[in-house]
Amino acid sequence: MLNSRRRTLRCLGQILLSFLGLVGAINFARAQDETLDIPTLTEQEAIEYFETQVKPILRDKCLRCHNSTETNGSLNLTTRAGILEGGDSGPALVEGQAEDSLLLSAIRYDAFEMPPTGKLSDAQIRTIQVWLHQGLPWSPDEEALDPGLHKVPVVNEETKAWWAYQPPQAQTPPDVKQTDWVRNDIDRFVLRRLEDADLSPSPVADRATLIRRVYYNVLGLPPTHQQVADFVNDVDPLAYEKLVDQVLASPNYGEKWGRFWLDLVRYSETNSFERDGDKPFVWKYRDYVIRSLNDDKPYDQFLIEQLAGDELPEPTIETVTATGYYRLGQWDDEPADPKLARFDELDDIVRTTSEVMLGMTVGCARCHDHKIDPIPAADYYRLQAFWQNIKPYGVRSHESVQAASIRTFEFPADDAAKAQHQAELDRMERSLTAIYEKAQPSFESVEREEWAYEENHVRLIKQRSGGVLSEEEVRRFERNFNRRQQLRNTPPNNDEKVLAVKENGPTVEPTHIL
């Protein structure tokens, strides 16, 4: 009986403790609700609060990742229904349970941490909290928030009016205080910025300093001691003008400034990837650029020759050489995915042409519409279509590059010179073949496959030095290999070979992108 009473008292005690805990939790929750100090708003005030306070936060911090087209976690915050429906983790808000909502928990960084780019300020969190407690008021005339992102950009007068697409306008030279320092209108712009920053112009440079500045800036090279002395001692009032004309007339001018263009159009003399073979005759494109700058070729003509020098009414070696522009990119001669490699090659042309010649990053639209600029993905593929009919740089071998990317201009031939040239070329071939036949039995199966590509020949022969081949035989092979290449590149009939673009033909098969 005593044990039974003890068990009964113990149960009553546990019940009492549970009841007191429940009462305490209720009182705590009530106290917490009282400290929230949620304002009481009319329906119209709540909508205005959403419009002026909440909507800017959603658009700035949330809708980039949670909109109708990009619903990270399947959560769309552009509609009231989307918030109540929620995403993969459940409803973002259950009506009447604002403090327990996933949305509030996420922006407080209690469970999820949203936005991931940085926590909202306390004031912004408070704004969202008040909005949730008001019952998620929403503008009655706005079905969904428009984040201003991910829509197909519209090319119209408004988007074309963006400042970056406007031609430069002549500016009136500003007024300055030190008018005696000014020699031309450009000086006025420079001096105005200096005066606005309470700075004074640097002192006038002496002649020895001046000539060094001119040479380094224009040519990238220092003047000789004699050139410095001649300029310092020149009493002609137009000595500086003569110096500038002299420097601009130097062939070094095109060599320096051509480097900038060559960097922009991704000039390289090899193909990259594991074999990294040489690009044949690519140096002729380099010389074309240098020559164009030194000849003061008009810029529009410079661009047209590179884009369509073979399509001009009267193409020349010069204009066809300019189309070597299309052959400057990387070339994977053994791609894992040939179709992808082909589109990467075309993409390289689109990106380079748009960025260098248009000053626009059209390449992003390969995968999606631009988010700001009016460049739809459809326009990217329209632009790419201009180059669909271009032959690929090559397929796999050096011979395929010769067939697809080398053009020959023929001139009258000298029969005696041709015979002499062919005789020497035959001697080189016989010497190379004899050494190869001696080394070939030692080749592994994979090396026999590698021998199909000429760029591997010297390496494979060198690996036999001191074994099946003597050092002299290896040296002779390399020497004759290089001589054969030289003979191939310099035929005696004065034919000129250039690295250039070629087309598949008058028609091209449609390419299905998807």
# chains A, B, ... in the order shown; residues from 1 in each chain; ligands from 1

$ residues_around --residues "Tyr381 in chain A" --least-positions-apart "2" --cutoff "10 Å" --atoms "only C-alpha atoms" --output "JSON, numbers by chain"
{"A": [347, 350, 363, 365, 366, 376, 377, 378, 379, 383, 384, 385, 386, 388, 513]}

$ write_last_selection --atoms "C-alpha atoms" --output "compact mmCIF listing (two decimals), in the first residue's frame"
# COMPACT_ATOMS: atom_id res chain seq x y z
CA ASP A 347 32.71 30.40 -79.89
CA VAL A 350 32.44 35.04 -81.72
CA GLY A 363 30.05 35.36 -75.60
CA ALA A 365 24.90 34.65 -74.49
CA ARG A 366 26.14 31.25 -75.66
CA PRO A 376 19.56 37.52 -76.44
CA ALA A 377 21.06 34.06 -76.82
CA ALA A 378 19.32 33.90 -80.21
CA ASP A 379 21.48 36.81 -81.40
CA LEU A 383 26.20 35.96 -85.14
CA GLN A 384 27.84 32.54 -84.95
CA ALA A 385 25.95 31.51 -88.08
CA PHE A 386 28.12 33.87 -90.15
CA GLN A 388 29.36 28.17 -89.62
CA ILE A 513 22.37 22.93 -81.52

$ residues_around --residues "Arg266 in chain A" --least-positions-apart "6" --cutoff "9 Å" --atoms "only C-alpha atoms" --output "VMD selection string"
chain A and resid 328 to 330 352

$ closest_residue --among "A:Leu103, A:Val247, A:Ile406, A:Leu307" --to "Gly87 in chain A" --atoms "only C-alpha atoms"
A:Leu103

$ residues_around --residues "Gly220 in chain A" --least-positions-apart "6" --cutoff "10 Å" --atoms "only C-alpha atoms" --output "list in words"
Arg212, Arg213, Val214, Asn252, Tyr253, Glu255, Lys256 and Trp257 of chain A

$ closest_residue --among "A:Met114, A:Tyr299, A:Pro335, A:Glu478" --to "Cys65 in chain A" --atoms "only C-alpha atoms"
A:Met114

$ select_by_dssp --residues "range 25-228 of chain A" --states "strand (DSSP E or B)" --output "JSON, numbers by chain"
{"A": [66, 71, 87, 90]}

$ closest_residue --among "A:Val468, A:Val154, A:Ile83, A:Leu425" --to "Lys371 in chain A" --atoms "only C-alpha atoms"
A:Val154
